[in-house]
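Here's the structure we're looking at; comments come further down.
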Amino acid sequence: MANTSESAERKGAGAPNLNPNTVFNLSKATVMVVDDEPFSLRLTAQTLLGFGVVTRHQCGSADDATALLKSHPVDLLIVDAEMPGKDGYDLVHWLRRSGLDNAWTPVLMISGHTPVSKVAKARDCGANFIVARPLTATLLLDRILWVAKDIRGMLETKSYAGPDRRFRELGPPEGVAERRGDPMSRGKINLSAEGGTTA
Amino acid sequence: MSVNWVMRRSRLSKLVNQPGGVTVGKALAEAAVHTEEFRAEAMTVVAAALDELDGVVGAPPSPDEVPAWLQRVYFLATRISDTAGPFGYEDLCAAAFSLCELADRQQRGRALDLPPLKVHAASLRLLLSGDQPPEARKAVLAGLSQVVERTRRPVD
């Protein structure tokens, strides 16, 4: 999935499609940024400040983030995929199975280059979206607004915990064309319950 | 197989639509102001990473050092790409991404092939100088693409 999204984005599919007059409000959202590169961490936090985000937690490692996620509510997690030791994929994989109030927090995974050895890990970690660098302000805002509109159900199985990856009848975010040539199968599924178990 | 569904609207989706807020246009303008002051520092970080990269590719490793050496090359390439990207240095970013691909491929193939790595380091230096016209920069990237393509078959 990661490689597919990266190559697609580099070819222009899924390019930011923002209307400059659209109004949004992130002033009360708590956003956590996790990046082992101090410069990128500060830059992303500054960009968020421009978007009106007042509460920004900056973590230089997955371990720091883990500690904070256990004790602070977070509305959006922006995490660098590649970090030494416990990486972004590990962090999100842990979060989805943590049982915390933050377990289903929307996650944007930022990936520069996904090594082939980690493609499966990226696909299965449970992030809402993987965003390919270069991470411009326009791209970041576009993806934040995407993830805010993401109404996919979260599912938990033995092998995967995270957003439904099939998109089903929801399709891509509003205003964004599907990347596939053929329409996706629009399976019927009853998602009206506030939570439930399907066997 | 048991599947547990959780249908819950995120708090973010509620907050984003609350009264007040800003327009996308204004937010991007604000973000540009906040991030522009980082541009000079970004270029310093990129230049330092490139200096280190030159040093690394100029000192080939012994056989048992190859994995860690390639990992360092990969790391420096990602640092260049990640740092230059937000400031619109797309060519530099593309060349660094290409180096990531190459270093990753050599790591997987467990075979060091130094010349293409050196070509990438030299190309990054050239692109950083910013002295070339767009056509020349395009040609540099096309050349790097060919270099990576030539190394594709043995590993993939």
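Residue numbers start at 1 in each chain; chains themselves are named A, B, ... in the order of the structure tokens; ligands are numbered from 1 in the order shown.
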
Kindly provide the residues of chain B that approach chain A to within 7 Å, each paired with its closest atom pair and their distance in Å to one decimal, based on only C-alpha atoms, listed by chain and increasing number, as a Markdown table.
```
| residue | atom | partner | partner_atom | distance |
| --- | --- | --- | --- | --- |
| B:Met1 | CA | A:Ala199 | CA | 6.5 |
| B:Ser2 | CA | A:Ala199 | CA | 4.8 |
| B:Val3 | CA | A:Thr157 | CA | 5.0 |
| B:Asn4 | CA | A:Thr197 | CA | 4.5 |
| B:Trp5 | CA | A:Leu155 | CA | 4.5 |
| B:Val6 | CA | A:Gly195 | CA | 4.6 |
| B:Met7 | CA | A:Gly153 | CA | 5.0 |
| B:Arg8 | CA | A:Glu194 | CA | 6.3 |
| B:Arg9 | CA | A:Ile151 | CA | 6.8 |
| B:Ser10 | CA | A:Thr105 | CA | 6.9 |
| B:Arg11 | CA | A:Asp75 | CA | 6.2 |
| B:Leu12 | CA | A:Asp75 | CA | 5.4 |
| B:Ser13 | CA | A:Ala148 | CA | 4.5 |
| B:Leu15 | CA | A:Asn25 | CA | 6.6 |
| B:Val16 | CA | A:Asn25 | CA | 4.5 |
| B:Asn17 | CA | A:Phe24 | CA | 5.9 |
| B:Gln18 | CA | A:Asn25 | CA | 6.1 |
| B:Gly20 | CA | A:Asn25 | CA | 6.3 |
| B:Gly21 | CA | A:Asn25 | CA | 3.9 |
| B:Val22 | CA | A:Val23 | CA | 5.3 |
| B:Thr23 | CA | A:Val23 | CA | 4.2 |
| B:Val24 | CA | A:Pro20 | CA | 4.6 |
| B:Gly25 | CA | A:Pro20 | CA | 4.2 |
| B:Ala27 | CA | A:Phe51 | CA | 4.8 |
| B:Leu28 | CA | A:Ala137 | CA | 6.6 |
| B:Glu30 | CA | A:Gly50 | CA | 4.6 |
| B:Ala31 | CA | A:Gly50 | CA | 3.9 |
| B:His34 | CA | A:Gln46 | CA | 5.9 |
| B:Thr35 | CA | A:Thr47 | CA | 6.2 |
| B:Thr78 | CA | A:Gly112 | CA | 6.7 |
| B:Asp82 | CA | A:Pro134 | CA | 6.2 |
| B:Thr83 | CA | A:Ser40 | CA | 6.6 |
| B:Gly85 | CA | A:Pro134 | CA | 4.2 |
| B:Pro86 | CA | A:Thr136 | CA | 4.5 |
| B:Phe97 | CA | A:His113 | CA | 6.6 |
| B:Cys100 | CA | A:His113 | CA | 6.7 |
| B:Asp104 | CA | A:Pro115 | CA | 6.2 |
```

Enumerate the residues of chain B with a DSSP assignment of strand (DSSP E), computed from the backbone, and present them as a list in words. Val3, Asn4, Trp5, Val6, Val22 and Thr23 of chain B

In terms of the shortest atom-to-atom distance over only C-alpha atoms, which of A:Ser159, A:Thr66, A:Asn102, A:Asn17 is closest to Arg123 in chain A?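 Once distances to Arg123 in chain A are computed over only C-alpha atoms, the minimum belongs to A:Ser159.
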
Name the residues in contact with range 115-118 of chain B at a cut-off of 10 Å, using only C-alpha atoms, excluding same-chain residues fewer than 2 positions from it; report them as a ChimeraX atom specification. /B:53-54,56-58,70,73,98-100,102-103,106,112-113,120-124,144,147-148,150-151

Could those residues be written to a file, using C-alpha atoms, as an mmCIF file, in the first residue's frame?
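See out_8.cif below for the written result:
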```
data_model
loop_
_atom_site.group_PDB
_atom_site.id
_atom_site.type_symbol
_atom_site.label_atom_id
_atom_site.label_comp_id
_atom_site.auth_asym_id
_atom_site.auth_seq_id
_atom_site.Cartn_x
_atom_site.Cartn_y
_atom_site.Cartn_z
ATOM 1 C CA LEU B 53 27.502 11.859 2.432
ATOM 2 C CA ASP B 54 30.533 12.922 0.410
ATOM 3 C CA VAL B 56 30.958 8.426 3.538
ATOM 4 C CA VAL B 57 31.020 7.547 -0.165
ATOM 5 C CA GLY B 58 34.636 8.698 -0.290
ATOM 6 C CA LEU B 70 24.666 1.452 3.378
ATOM 7 C CA VAL B 73 23.928 6.378 3.152
ATOM 8 C CA SER B 98 16.595 7.943 -5.916
ATOM 9 C CA LEU B 99 19.593 7.430 -3.630
ATOM 10 C CA CYS B 100 17.283 5.954 -0.971
ATOM 11 C CA LEU B 102 19.545 2.563 -4.598
ATOM 12 C CA ALA B 103 20.889 2.140 -1.067
ATOM 13 C CA GLN B 106 21.964 -2.699 -2.385
ATOM 14 C CA LEU B 112 27.955 -2.889 -2.552
ATOM 15 C CA ASP B 113 28.154 -1.097 -5.884
ATOM 16 C CA HIS B 120 24.165 10.267 -6.814
ATOM 17 C CA ALA B 121 26.271 12.151 -4.281
ATOM 18 C CA ALA B 122 27.861 14.225 -7.042
ATOM 19 C CA SER B 123 24.473 14.913 -8.621
ATOM 20 C CA LEU B 124 23.036 16.060 -5.318
ATOM 21 C CA LEU B 144 19.983 9.041 -12.081
ATOM 22 C CA VAL B 147 21.431 4.426 -13.051
ATOM 23 C CA VAL B 148 18.816 3.072 -10.643
ATOM 24 C CA ARG B 150 20.250 -0.545 -14.397
ATOM 25 C CA THR B 151 20.597 -1.888 -10.871
#
```

Can you pull out the residues contacting Arg79 in chain B? Cut-off 8 Å, using only C-alpha atoms, and skip same-chain residues under 4 positions away; I want them as a list in words.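 My reading of the contact set: Val46, Ala49, Phe75 and Thr83 of chain B.
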
Excluding Asp63 in chain A and any residue of its chain fewer than 6 positions from it, enumerate the residues within 10 Å of it, using only C-alpha atoms, and give them as a ChimeraX atom specification. /A:34,69,85-87,91

CA of Ala139 in chain B and CA of Ala42 in chain B are how many Å apart? 25.1 Å

Neighbouring residues of Cys59 in chain A were defined as those with any atom within 9 Å, considering only C-alpha atoms; residues of the same chain fewer than 3 positions away were excluded. Please report them as a PyMOL selection string. chain A and resi 32-36+41+62-65+68

For Asp91 in chain B, list every protein, DNA or RNA residue within 10 Å, evaluated using only C-alpha atoms, and leave out those in the same chain fewer than 6 positions away; present the list as a PDB file with C-alpha atoms, in the first residue's frame.
```pdb
ATOM      1  CA  SER B  81      14.901  14.512   0.990  1.00  0.00           C
ATOM      2  CA  ALA B  84      14.570  19.990   1.349  1.00  0.00           C
ATOM      3  CA  GLY B  85      11.112  18.822   0.366  1.00  0.00           C
ATOM      4  CA  PHE B  97      14.773   9.682  -3.086  1.00  0.00           C
ATOM      5  CA  LEU B 124      23.036  16.060  -5.318  1.00  0.00           C
ATOM      6  CA  LEU B 127      21.574  20.216  -7.851  1.00  0.00           C
ATOM      7  CA  LEU B 128      22.179  21.935  -4.520  1.00  0.00           C
ATOM      8  CA  GLY B 130      21.298  25.557  -8.240  1.00  0.00           C
ATOM      9  CA  PRO B 134      15.780  23.476 -15.747  1.00  0.00           C
ATOM     10  CA  ARG B 137      18.482  19.549 -13.935  1.00  0.00           C
ATOM     11  CA  LYS B 138      15.958  17.391 -15.713  1.00  0.00           C
ATOM     12  CA  VAL B 140      20.575  14.975 -14.246  1.00  0.00           C
ATOM     13  CA  LEU B 141      17.458  13.337 -12.806  1.00  0.00           C
TER      14      LEU B 141
END
```

From a DSSP pass on the backbone, collect the residues of chain B flagged as helix (DSSP H, G or I) and hand them back as a PyMOL selection string. chain B and resi 11-15+24-36+39-57+63-87+90-109+114-129+134-150+152-155

Taking into account only C-alpha atoms, which residue in the set B:Arg108, B:Lys14, B:Arg72, B:Arg39 is nearest to Phe87 in chain B?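 Checking each candidate against Phe87 in chain B, we get B:Arg39 as the closest.
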